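Data block for data-v4.cif (mmCIF, C-alpha atoms):
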```
data_target
loop_
_atom_site.label_atom_id
_atom_site.label_comp_id
_atom_site.auth_asym_id
_atom_site.auth_seq_id
_atom_site.Cartn_x
_atom_site.Cartn_y
_atom_site.Cartn_z
CA MET A 1 60.75 -44.15 28.88
CA GLY A 2 57.67 -46.13 29.77
CA HIS A 3 55.88 -42.82 30.20
CA ASN A 4 56.95 -41.72 26.70
CA VAL A 5 55.66 -44.96 25.17
CA ILE A 6 52.30 -44.58 26.86
CA GLU A 7 52.17 -40.95 25.77
CA SER A 8 52.92 -41.95 22.17
CA VAL A 9 50.25 -44.65 22.23
CA VAL A 10 47.71 -42.17 23.63
CA GLN A 11 48.58 -39.65 20.92
CA PHE A 12 48.36 -42.36 18.25
CA LEU A 13 44.93 -43.44 19.51
CA LYS A 14 43.74 -39.82 19.61
CA GLY A 15 44.85 -39.30 16.05
CA PHE A 16 43.33 -42.60 14.96
CA LEU A 17 40.00 -41.80 16.61
CA GLY A 18 40.09 -38.27 15.20
CA ALA A 19 40.60 -39.60 11.68
CA PHE A 20 37.89 -42.19 12.28
CA LYS A 21 35.47 -39.48 13.46
CA LYS A 22 36.37 -37.30 10.48
CA GLY A 23 35.86 -40.17 8.08
CA SER A 24 32.50 -41.07 9.58
CA THR A 25 31.10 -37.58 9.02
CA GLU A 26 32.84 -36.80 5.72
CA ILE A 27 29.82 -37.48 3.53
CA ILE A 28 27.41 -35.64 5.86
CA GLU A 29 29.77 -32.65 6.00
CA PHE A 30 30.05 -32.60 2.21
CA GLU A 31 26.25 -32.72 1.95
CA LEU A 32 25.99 -30.00 4.61
CA ARG A 33 28.33 -27.65 2.74
CA GLU A 34 26.40 -28.22 -0.51
CA LEU A 35 23.07 -27.49 1.20
CA GLU A 36 24.47 -24.34 2.83
CA ASN A 37 25.91 -23.28 -0.52
CA ILE A 38 22.58 -23.85 -2.30
CA PHE A 39 20.60 -22.17 0.49
CA THR A 40 22.56 -18.93 0.14
CA LEU A 41 22.93 -19.15 -3.65
CA VAL A 42 19.15 -19.43 -4.09
CA GLN A 43 18.57 -16.31 -1.97
CA MET A 44 21.31 -14.27 -3.60
CA GLY A 45 20.60 -15.53 -7.11
CA PHE A 46 19.57 -12.06 -8.34
CA PHE A 47 23.26 -11.03 -8.24
CA ILE A 48 24.02 -13.55 -10.95
CA GLY A 49 20.75 -13.48 -12.87
CA ILE A 50 19.04 -16.63 -11.64
CA PRO A 51 15.40 -16.66 -10.44
CA SER A 52 15.40 -15.92 -6.75
CA PRO A 53 12.97 -15.25 -3.91
CA PRO A 54 11.77 -11.72 -3.07
CA PRO A 55 14.80 -9.81 -1.77
CA THR A 56 13.03 -9.14 1.55
CA ILE A 57 13.80 -12.71 2.63
CA LEU A 58 17.51 -12.06 2.13
CA ILE A 59 17.33 -8.71 3.94
CA ARG A 60 15.93 -10.45 6.98
CA THR A 61 18.19 -13.51 7.02
CA MET A 62 21.45 -11.89 5.83
CA PRO A 63 22.68 -10.76 9.29
CA HIS A 64 22.75 -14.41 10.37
CA LEU A 65 24.27 -16.05 7.28
CA ALA A 66 28.00 -15.57 7.97
CA ARG A 67 29.03 -19.21 7.56
CA GLU A 68 26.80 -19.79 4.55
CA ILE A 69 28.09 -16.73 2.66
CA PHE A 70 31.67 -17.72 3.49
CA ILE A 71 31.04 -21.21 2.10
CA MET A 72 29.29 -19.85 -1.00
CA THR A 73 32.11 -17.44 -1.88
CA LYS A 74 34.78 -20.02 -1.07
CA ARG A 75 33.05 -22.62 -3.23
CA ALA A 76 32.74 -20.20 -6.12
CA VAL A 77 36.36 -19.02 -5.94
CA GLU A 78 38.55 -21.81 -4.53
CA ASP A 79 36.89 -25.19 -4.31
CA ASP A 80 37.05 -27.96 -6.87
CA VAL A 81 33.77 -29.65 -6.09
CA LEU A 82 34.31 -32.61 -8.43
CA SER A 83 37.67 -33.44 -6.88
CA GLU A 84 36.19 -33.15 -3.43
CA MET A 85 33.37 -35.47 -4.37
CA ALA A 86 35.84 -37.95 -5.81
CA GLY A 87 37.76 -37.84 -2.54
CA VAL A 88 34.68 -38.43 -0.43
CA PHE A 89 33.60 -41.43 -2.50
CA ASP A 90 37.14 -42.77 -2.85
CA ILE A 91 37.06 -42.61 -6.65
CA MET B 1 -9.55 -1.29 10.81
CA ARG B 2 -10.72 -1.20 7.21
CA LEU B 3 -8.52 -1.33 4.11
CA ILE B 4 -9.70 -0.12 0.73
CA PHE B 5 -7.71 -0.74 -2.44
CA VAL B 6 -8.64 1.37 -5.45
CA LEU B 7 -7.55 -0.31 -8.67
CA GLY B 8 -7.82 0.55 -12.33
CA LYS B 9 -6.13 1.44 -15.60
CA GLY B 10 -3.91 4.52 -15.58
CA GLY B 11 -5.83 7.78 -15.99
CA VAL B 12 -9.36 6.51 -15.17
CA GLY B 13 -9.61 8.60 -11.99
CA LYS B 14 -8.35 6.29 -9.23
CA THR B 15 -6.86 9.21 -7.32
CA THR B 16 -10.03 11.29 -7.48
CA VAL B 17 -12.14 8.32 -6.36
CA SER B 18 -9.63 7.57 -3.56
CA ALA B 19 -9.95 11.16 -2.38
CA LEU B 20 -13.76 10.93 -2.52
CA LEU B 21 -13.76 7.70 -0.52
CA ALA B 22 -11.34 9.15 2.01
CA LEU B 23 -13.53 12.20 2.51
CA ARG B 24 -16.56 9.96 2.93
CA HIS B 25 -14.86 7.66 5.45
CA SER B 26 -13.42 10.52 7.46
CA LYS B 27 -17.01 11.13 8.66
CA LEU B 28 -16.89 7.68 10.30
CA GLY B 29 -13.39 7.69 11.76
CA LYS B 30 -9.70 8.53 11.39
CA THR B 31 -8.86 7.96 7.74
CA LEU B 32 -5.61 7.85 5.80
CA VAL B 33 -5.40 7.91 2.02
CA ALA B 34 -2.00 6.78 0.73
CA SER B 35 -0.92 7.15 -2.86
CA LEU B 36 1.34 4.36 -4.11
CA ASP B 37 1.17 5.52 -7.72
CA PRO B 38 4.61 6.63 -8.96
CA ALA B 39 2.80 9.39 -10.90
CA HIS B 40 1.26 11.05 -7.87
CA ASN B 41 -1.82 13.26 -8.17
CA LEU B 42 -3.23 13.01 -4.67
CA GLY B 43 -1.61 16.26 -3.59
CA ASP B 44 -3.05 17.95 -6.68
CA VAL B 45 -6.58 16.73 -5.86
CA PHE B 46 -6.37 18.05 -2.29
CA GLN B 47 -4.36 21.10 -3.37
CA GLU B 48 -1.75 20.24 -0.74
CA LYS B 49 1.92 19.37 -0.93
CA LEU B 50 2.21 15.76 0.24
CA GLY B 51 5.17 13.59 1.14
CA MET B 52 6.12 10.37 2.91
CA LYS B 53 4.73 11.63 6.24
CA GLU B 54 0.98 11.75 6.78
CA LYS B 55 -0.44 15.26 6.48
CA ARG B 56 -3.71 16.41 8.00
CA ILE B 57 -6.07 17.55 5.22
CA ALA B 58 -9.30 17.94 7.18
CA ASP B 59 -10.97 16.61 10.33
CA ASN B 60 -10.05 12.94 10.65
CA LEU B 61 -8.53 12.96 7.16
CA TYR B 62 -4.84 12.43 6.47
CA ALA B 63 -2.98 11.89 3.23
CA MET B 64 0.47 10.80 2.07
CA GLU B 65 2.32 10.10 -1.15
CA VAL B 66 4.78 7.22 -1.10
CA ASP B 67 7.99 8.16 -2.89
CA LEU B 68 8.72 4.98 -4.84
CA ASP B 69 12.35 5.90 -5.58
CA LYS B 70 13.04 6.56 -1.90
CA VAL B 71 11.26 3.36 -0.87
CA VAL B 72 13.42 1.30 -3.26
CA ARG B 73 16.61 3.15 -2.19
CA ASP B 74 15.84 2.56 1.51
CA TYR B 75 14.95 -1.07 0.78
CA ILE B 76 18.25 -1.76 -0.98
CA GLY B 77 20.04 0.37 1.60
CA GLU B 78 18.92 -2.05 4.32
CA LEU B 79 20.50 -4.93 2.45
CA GLU B 80 23.69 -2.98 1.75
CA ASN B 81 24.10 -1.97 5.41
CA SER B 82 23.41 -5.51 6.52
CA LEU B 83 26.22 -6.79 4.31
CA LYS B 84 28.70 -4.01 5.08
CA HIS B 85 28.42 -3.94 8.86
CA THR B 86 27.93 -7.61 9.53
CA TYR B 87 30.51 -8.96 7.11
CA ARG B 88 33.35 -6.49 6.79
CA TYR B 89 35.44 -8.99 4.86
CA LEU B 90 32.89 -8.93 2.02
CA THR B 91 33.89 -5.34 1.13
CA VAL B 92 37.12 -6.88 -0.15
CA ILE B 93 35.22 -8.65 -2.93
CA ASN B 94 33.48 -5.39 -3.95
CA LEU B 95 29.86 -6.30 -3.39
CA GLU B 96 28.94 -2.61 -3.34
CA LYS B 97 28.99 -2.35 -7.13
CA TYR B 98 26.24 -4.95 -7.39
CA PHE B 99 23.73 -2.79 -5.51
CA ASP B 100 23.45 -0.36 -8.41
CA VAL B 101 22.32 -3.30 -10.52
CA LEU B 102 19.98 -4.53 -7.83
CA LYS B 103 17.98 -1.29 -7.69
CA ASN B 104 16.76 -1.96 -11.22
CA TYR B 105 16.33 -5.71 -10.89
CA PRO B 106 12.85 -7.10 -11.73
CA GLY B 107 10.82 -7.64 -8.60
CA VAL B 108 12.65 -5.16 -6.38
CA GLU B 109 10.06 -2.40 -6.92
CA GLU B 110 7.19 -4.77 -6.09
CA SER B 111 8.96 -6.08 -2.98
CA ALA B 112 9.74 -2.57 -1.79
CA LEU B 113 6.12 -1.46 -2.31
CA LEU B 114 4.74 -4.54 -0.56
CA GLU B 115 6.88 -3.75 2.48
CA ALA B 116 5.83 -0.08 2.31
CA MET B 117 2.17 -1.19 2.21
CA ARG B 118 2.67 -3.48 5.22
CA LYS B 119 4.26 -0.63 7.17
CA ILE B 120 1.35 1.69 6.36
CA ILE B 121 -1.20 -0.95 7.45
CA LYS B 122 0.40 -0.98 10.92
CA LYS B 123 -0.44 2.71 11.42
CA ASP B 124 -3.27 3.65 13.75
CA TYR B 125 -6.22 4.52 11.50
CA ASP B 126 -9.82 3.33 11.28
CA THR B 127 -9.67 3.29 7.50
CA ILE B 128 -6.71 3.22 5.13
CA ILE B 129 -7.30 3.80 1.44
CA PHE B 130 -4.63 2.84 -1.06
CA ASP B 131 -4.56 4.75 -4.32
CA THR B 132 -2.70 2.02 -6.16
CA PRO B 133 -0.25 2.15 -9.08
CA PRO B 134 -1.54 1.20 -12.53
CA THR B 135 -3.00 -2.31 -12.73
CA GLY B 136 0.06 -4.37 -13.72
CA LEU B 137 2.22 -3.27 -10.81
CA THR B 138 -0.62 -3.55 -8.28
CA LEU B 139 -1.56 -7.08 -9.27
CA ARG B 140 2.10 -8.13 -9.15
CA ILE B 141 2.40 -6.70 -5.63
CA LEU B 142 -0.71 -8.57 -4.48
CA SER B 143 0.44 -11.91 -5.91
CA LEU B 144 3.97 -11.35 -4.54
CA ALA B 145 2.68 -12.17 -1.05
CA GLU B 146 1.58 -15.63 -2.21
CA MET B 147 4.90 -16.17 -4.05
CA THR B 148 6.80 -15.19 -0.92
CA LEU B 149 5.01 -17.90 1.06
CA ILE B 150 5.90 -20.54 -1.54
CA TRP B 151 9.58 -19.52 -1.49
CA LEU B 152 9.66 -19.39 2.32
CA ASP B 153 8.24 -22.91 2.58
CA LYS B 154 10.95 -24.24 0.26
CA LEU B 155 13.73 -22.35 2.04
CA ILE B 156 12.51 -23.54 5.45
CA GLU B 157 12.58 -27.12 4.12
CA ILE B 158 16.22 -26.71 3.01
CA ARG B 159 17.13 -25.04 6.29
CA LYS B 160 15.68 -27.92 8.31
CA LYS B 161 17.84 -30.35 6.32
CA ILE B 162 20.88 -28.17 7.07
CA LEU B 163 20.10 -28.19 10.79
CA ASP B 164 19.61 -31.98 10.78
CA ARG B 165 22.99 -32.55 9.21
CA ARG B 166 24.69 -30.08 11.57
CA LYS B 167 23.19 -31.99 14.49
CA ALA B 168 24.52 -35.27 13.11
CA VAL B 169 28.02 -33.83 12.68
CA GLU B 170 27.87 -32.21 16.13
CA LYS B 171 27.05 -35.55 17.81
CA ILE B 172 30.38 -36.93 16.61
CA GLN B 173 32.67 -33.91 16.15
CA GLY B 174 31.38 -31.75 18.98
CA GLU B 175 30.13 -28.15 18.89
CA LEU B 176 30.44 -26.45 15.50
CA CYS B 177 31.85 -22.97 15.00
CA VAL B 178 33.52 -21.08 12.18
CA VAL B 179 36.22 -18.37 12.27
CA ILE B 180 36.04 -15.83 9.46
CA ASP B 181 38.52 -12.98 9.29
CA GLY B 182 39.36 -13.34 12.95
CA GLU B 183 35.74 -13.34 14.08
CA ARG B 184 34.17 -16.41 15.62
CA TYR B 185 30.65 -17.31 14.50
CA GLU B 186 28.47 -19.86 16.30
CA VAL B 187 26.93 -22.47 14.05
CA PRO B 188 23.48 -23.36 15.38
CA SER B 189 22.13 -26.87 14.91
CA SER B 190 18.65 -26.60 16.39
CA GLU B 191 15.66 -24.50 15.35
CA GLU B 192 15.60 -22.77 18.75
CA ASP B 193 19.18 -21.51 18.29
CA ASP B 194 18.96 -20.75 14.56
CA ALA B 195 18.17 -17.07 13.94
CA VAL B 196 17.76 -17.72 10.21
CA ILE B 197 14.88 -20.17 10.51
CA ARG B 198 13.26 -18.09 13.26
CA GLU B 199 13.40 -15.04 10.99
CA MET B 200 11.86 -17.03 8.13
CA TYR B 201 9.04 -18.35 10.37
CA GLN B 202 8.39 -14.83 11.62
CA TYR B 203 8.27 -13.37 8.12
CA ARG B 204 6.05 -16.23 7.00
CA ASP B 205 3.56 -15.43 9.79
CA GLU B 206 3.60 -11.74 8.82
CA ILE B 207 2.94 -12.47 5.16
CA GLU B 208 0.21 -14.97 6.01
CA ASP B 209 -1.48 -12.34 8.19
CA PHE B 210 -1.28 -9.88 5.31
CA ILE B 211 -2.85 -12.37 2.90
CA HIS B 212 -5.66 -13.21 5.34
CA MET B 213 -6.28 -9.50 5.81
CA ILE B 214 -6.61 -8.75 2.10
CA ARG B 215 -8.82 -11.80 1.52
CA ASN B 216 -11.08 -11.02 4.48
CA ASN B 217 -14.09 -9.11 3.13
CA SER B 218 -14.89 -7.65 6.52
CA VAL B 219 -11.45 -6.01 6.62
CA SER B 220 -10.50 -5.33 2.99
CA GLU B 221 -12.40 -3.99 0.05
CA PHE B 222 -11.26 -3.89 -3.55
CA ILE B 223 -12.80 -1.30 -5.83
CA ALA B 224 -12.26 -1.08 -9.58
CA VAL B 225 -12.45 2.33 -11.22
CA MET B 226 -13.11 2.55 -14.93
CA ASN B 227 -14.25 4.89 -17.67
CA PRO B 228 -17.14 4.00 -19.98
CA GLU B 229 -14.92 3.05 -22.90
CA PRO B 230 -13.63 -0.29 -24.29
CA LEU B 231 -9.97 -0.30 -23.14
CA SER B 232 -10.90 0.49 -19.57
CA PHE B 233 -13.73 -2.07 -19.74
CA TYR B 234 -11.43 -4.92 -20.85
CA GLU B 235 -8.80 -3.97 -18.29
CA THR B 236 -11.42 -4.09 -15.52
CA LYS B 237 -12.47 -7.56 -16.67
CA ARG B 238 -8.83 -8.69 -16.47
CA ILE B 239 -8.47 -7.17 -13.00
CA ILE B 240 -11.47 -9.17 -11.78
CA GLU B 241 -10.17 -12.41 -13.35
CA TYR B 242 -6.73 -11.92 -11.83
CA LEU B 243 -8.12 -11.10 -8.39
CA GLN B 244 -10.26 -14.24 -8.51
CA LYS B 245 -7.14 -16.33 -9.24
CA ILE B 246 -5.57 -15.08 -6.01
CA ASP B 247 -8.84 -15.48 -4.05
CA ILE B 248 -9.65 -11.82 -3.75
CA GLY B 249 -13.14 -10.53 -4.42
CA LEU B 250 -14.06 -7.19 -5.91
CA SER B 251 -16.84 -5.29 -4.13
CA ARG B 252 -17.62 -2.30 -6.32
CA VAL B 253 -17.13 -0.94 -9.80
CA ILE B 254 -17.04 2.81 -10.07
CA VAL B 255 -17.62 4.26 -13.52
CA ASN B 256 -15.89 7.60 -13.55
CA LYS B 257 -16.64 10.30 -16.12
CA SER B 258 -19.83 8.42 -16.91
CA GLU B 259 -22.09 9.80 -19.59
CA GLU B 260 -25.29 8.37 -20.85
CA CYS B 261 -24.01 6.29 -23.73
CA ASP B 262 -24.54 2.79 -25.18
CA PHE B 263 -21.45 1.43 -23.48
CA LEU B 264 -22.90 1.87 -19.99
CA GLY B 265 -25.40 -0.91 -20.78
CA GLU B 266 -22.52 -3.28 -21.60
CA ILE B 267 -20.83 -2.35 -18.31
CA GLU B 268 -23.98 -2.97 -16.29
CA ARG B 269 -24.47 -6.37 -17.92
CA GLU B 270 -20.88 -7.53 -17.49
CA PHE B 271 -20.46 -6.33 -13.90
CA SER B 272 -24.00 -6.95 -12.67
CA ARG B 273 -22.60 -9.06 -9.76
CA TYR B 274 -21.01 -5.99 -8.25
CA GLN B 275 -22.30 -2.71 -6.93
CA ILE B 276 -21.92 -0.16 -9.71
CA PHE B 277 -21.64 3.53 -9.00
CA LYS B 278 -21.47 6.22 -11.63
CA ILE B 279 -19.70 9.52 -11.21
CA PRO B 280 -20.31 12.19 -13.84
CA VAL B 281 -17.63 14.27 -15.45
CA MET B 282 -16.42 16.84 -12.94
CA LYS B 283 -15.54 20.27 -14.28
CA ASN B 284 -13.07 21.02 -11.53
CA PRO B 285 -12.13 17.93 -9.50
CA VAL B 286 -9.60 19.63 -7.25
CA GLY B 287 -9.93 21.01 -3.75
CA ILE B 288 -11.88 19.51 -0.86
CA GLU B 289 -14.96 21.65 -1.31
CA ASN B 290 -15.35 20.66 -4.96
CA ILE B 291 -14.88 16.95 -4.43
CA ARG B 292 -17.14 16.99 -1.37
CA LYS B 293 -20.04 17.91 -3.69
CA ILE B 294 -19.76 14.61 -5.56
CA CYS B 295 -19.38 12.28 -2.57
CA GLU B 296 -23.07 11.42 -2.80
CA TYR B 297 -22.43 9.45 -6.01
CA LEU B 298 -20.53 6.85 -4.00
CA GLY B 299 -23.52 5.72 -2.01
CA ASP B 300 -22.93 4.61 1.61
CA ALA B 301 -19.31 4.47 2.74
#
```

Would you write out, as structure tokens, the structure that this file holds?
Amino acid sequence: MGHNVIESVVQFLKGFLGAFKKGSTEIIEFELRELENIFTLVQMGFFIGIPSPPPTILIRTMPHLAREIFIMTKRAVEDDVLSEMAGVFDI
Amino acid sequence: MRLIFVLGKGGVGKTTVSALLALRHSKLGKTLVASLDPAHNLGDVFQEKLGMKEKRIADNLYAMEVDLDKVVRDYIGELENSLKHTYRYLTVINLEKYFDVLKNYPGVEESALLEAMRKIIKKDYDTIIFDTPPTGLTLRILSLAEMTLIWLDKLIEIRKKILDRRKAVEKIQGELCVVIDGERYEVPSSEEDDAVIREMYQYRDEIEDFIHMIRNNSVSEFIAVMNPEPLSFYETKRIIEYLQKIDIGLSRVIVNKSEECDFLGEIEREFSRYQIFKIPVMKNPVGIENIRKICEYLGDA
């Protein structure tokens, strides 16, 4: 029983620290996703009619932009950015 | 290596002058004349069928015609393949249909031609002569290099911010990775590990080298071809003004189909800073033997 209590306390502390870590990087992660979204959106802007760099830049960087394209398409289709921002700033 | 760009309004005789220059330079070393004009005439001048591969015309003289449609198709094809093979999950959202639109998008032709030009410059020749497309397209291609640098600098700035934030998150959360459609992708947080920023730095260096090359008078020469008539005259003035804005100097003005008329005086006054060469009307400007006879009008190569 003593072992179970210690185990529970350890799990609680892990969860608490995990939430604490998550909370401490929430704003940076939000900013990171926005920057990654903008970075890819700017390069692929010609698909949606916004001024964009010469397509050669995209040809050369595209093979390495997996995460950024995933974030961009996810943001466009699923995410509610305003709600997310409200959550981050505790509004 | 020497690069010569022959510019001018459509129909003034750029192709004929390019052929003349190529013939002249072939006496000094291995020479390639490449036509970038969508309305090719280079093959007609040499009386040879030309294509994307260099063809030997005479001793030390090679010629090619760049197929603009193929260059644009290949250019977009690279992007399409990159998307399809690297990100299979993207085929679900039907990105293929957008590539038909992209082929006609403003700027794609210029980008494709700039890349074609850079590929040609890497070939092993002593002199490469570019018979350029009509003025508007050529000037856009030349200024595209400068625009590319500006965009790259901005994108590199954003990328550095991304890497900084990834590093900050990594310090607390541990190594970052993302799983998309069952495939695990590493998320780099330093410039050494980030292929995207390395690719942008590399491309930036390549474009900078290209710009230095075209601005270096000992490597590149820009020649304007005109006819002794007002429209051609005003277009040549605009070419010179535009080239000055992007720090490129003209070296020669070649007046093709020149006759003794009042307008020649105006040309000599306006372009007195540059070497002016006059080529008379040629009865039959096709075939090597015929064009060889008028090489003397170009002065020293």

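Across B:Gly51, B:Gly174, B:Gly287, B:Gly249, the tightest approach to Arg273 of chain B is made by B:Gly249 when counting all atoms listed in the file.
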
Q. Quick one: which residues from chain B are at most 8 Å off chain A, using only C-alpha atoms, as a PyMOL selection string?
A. chain B and resi 78-79+82-83+86-87+98+102+105+107-108+111+144+148+151-152+155+158-159+161-162+165-166+168-169+172-173+178+180+185+187+195-196+199-200+203

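The residue that comes closest to Pro230 of chain B, out of B:Gln244, B:Ala22, B:Glu266, B:Leu3 and on the basis of all atoms listed in the file, is B:Glu266.
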
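Rounded to one decimal, atom CA of Pro133 of chain B and atom CA of Leu113 of chain B lie 10.0 Å from each other.
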
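Residues captured in this structure file are Ile4, Phe5, Val6, Leu7, Lys14, Thr15, Val17, Ser18, Ala19, Val33, Ala34, Ser35, Leu36, Asp37, Leu42, Ile129, Phe130, Thr132 and Pro133 of chain B, according to the PyMOL selection byres ((chain B and resi 131) around 9).
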
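Rounded to one decimal, atom CA of Ile57 of chain B and atom CA of Ile288 of chain B lie 8.6 Å from each other.
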
Q.
I'd like the neighbourhood of Arg292 of chain B as a list in words, where a residue qualifies if any of its atoms comes within 10 Å (using all atoms listed in the file), though same-chain residues fewer than 5 positions away should be ignored.
A. Ala19, Leu20, Leu21, Leu23, Arg24, Pro285, Val286 and Gly287 of chain B

Q: Would you list the contacts of Arg215 of chain B as number ranges by chain, taking every protein, DNA or RNA residue within 9 Å and counting all atoms listed in the file, but skipping same-chain residues closer than 4 positions in sequence?
A: B: 210-211, 219-221, 246-249

(Q) Just to confirm, what's the straight-line distance from atom CA of Lys171 of chain B to atom CA of Ile27 of chain A in Å (one decimal)? (A)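 Atom CA of Ile27 of chain A lies at a distance of 14.7 Å from atom CA of Lys171 of chain B.
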
(Q) From the options B:Val253, B:Met226, B:Leu176, B:Leu264, which residue's atoms come nearest to Thr135 of chain B, counting all atoms listed in the file? (A)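 Of the candidates, the smallest distance to Thr135 of chain B is held by B:Met226.
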
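By chain and then residue number, the residues within 8 Å of Ala116 of chain B are Val71, Ala112 and Ile120 of chain B, counting only C-alpha atoms and disregarding those fewer than 4 positions away in sequence.
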
Suppose we keep C-alpha atoms; can you now write the selection as a JSON list (two decimals), in the frame of the given file?
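Writing the result to out-v4.json gives the following:
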```json
[["chain", "number", "residue", "atom", "x", "y", "z"],
["B", 71, "VAL", "CA", 11.26, 3.36, -0.87],
["B", 112, "ALA", "CA", 9.74, -2.57, -1.79],
["B", 120, "ILE", "CA", 1.35, 1.69, 6.36]]
```

Q) Which residue, B:Asn284, B:His25, B:Arg238, B:Leu298, has the smallest gap to Asp44 of chain B when you use all atoms listed in the file? A)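 Of B:Asn284, B:His25, B:Arg238, B:Leu298, the one nearest Asp44 of chain B, counting all atoms listed in the file, is B:Asn284.
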
Q: Give the answer as one residue: which of B:Glu146, B:Asp209, B:Glu235, B:Glu270 has the shortest atom-to-atom distance to Pro134 of chain B, using all atoms listed in the file?
A: B:Glu235

Q: Find the residues with any atom within 7 Å of (2.1, -19.9, 3.0); use only C-alpha atoms and the coordinates as given in the file, and write the answer as a list of chain:residue names.
A: B:Glu146, B:Leu149, B:Ile150, B:Asp153, B:Arg204, B:Glu208

(Q) For Leu28 of chain B, find every residue with an atom within 10 Å (counting all atoms listed in the file), except residues of its own chain fewer than 2 positions away, and show them as a list in words. (A)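 So the residues in contact are Leu23, Arg24, His25, Ser26, Lys30, Thr31, Asn60, Asp126, Thr127 and Ala301 of chain B.
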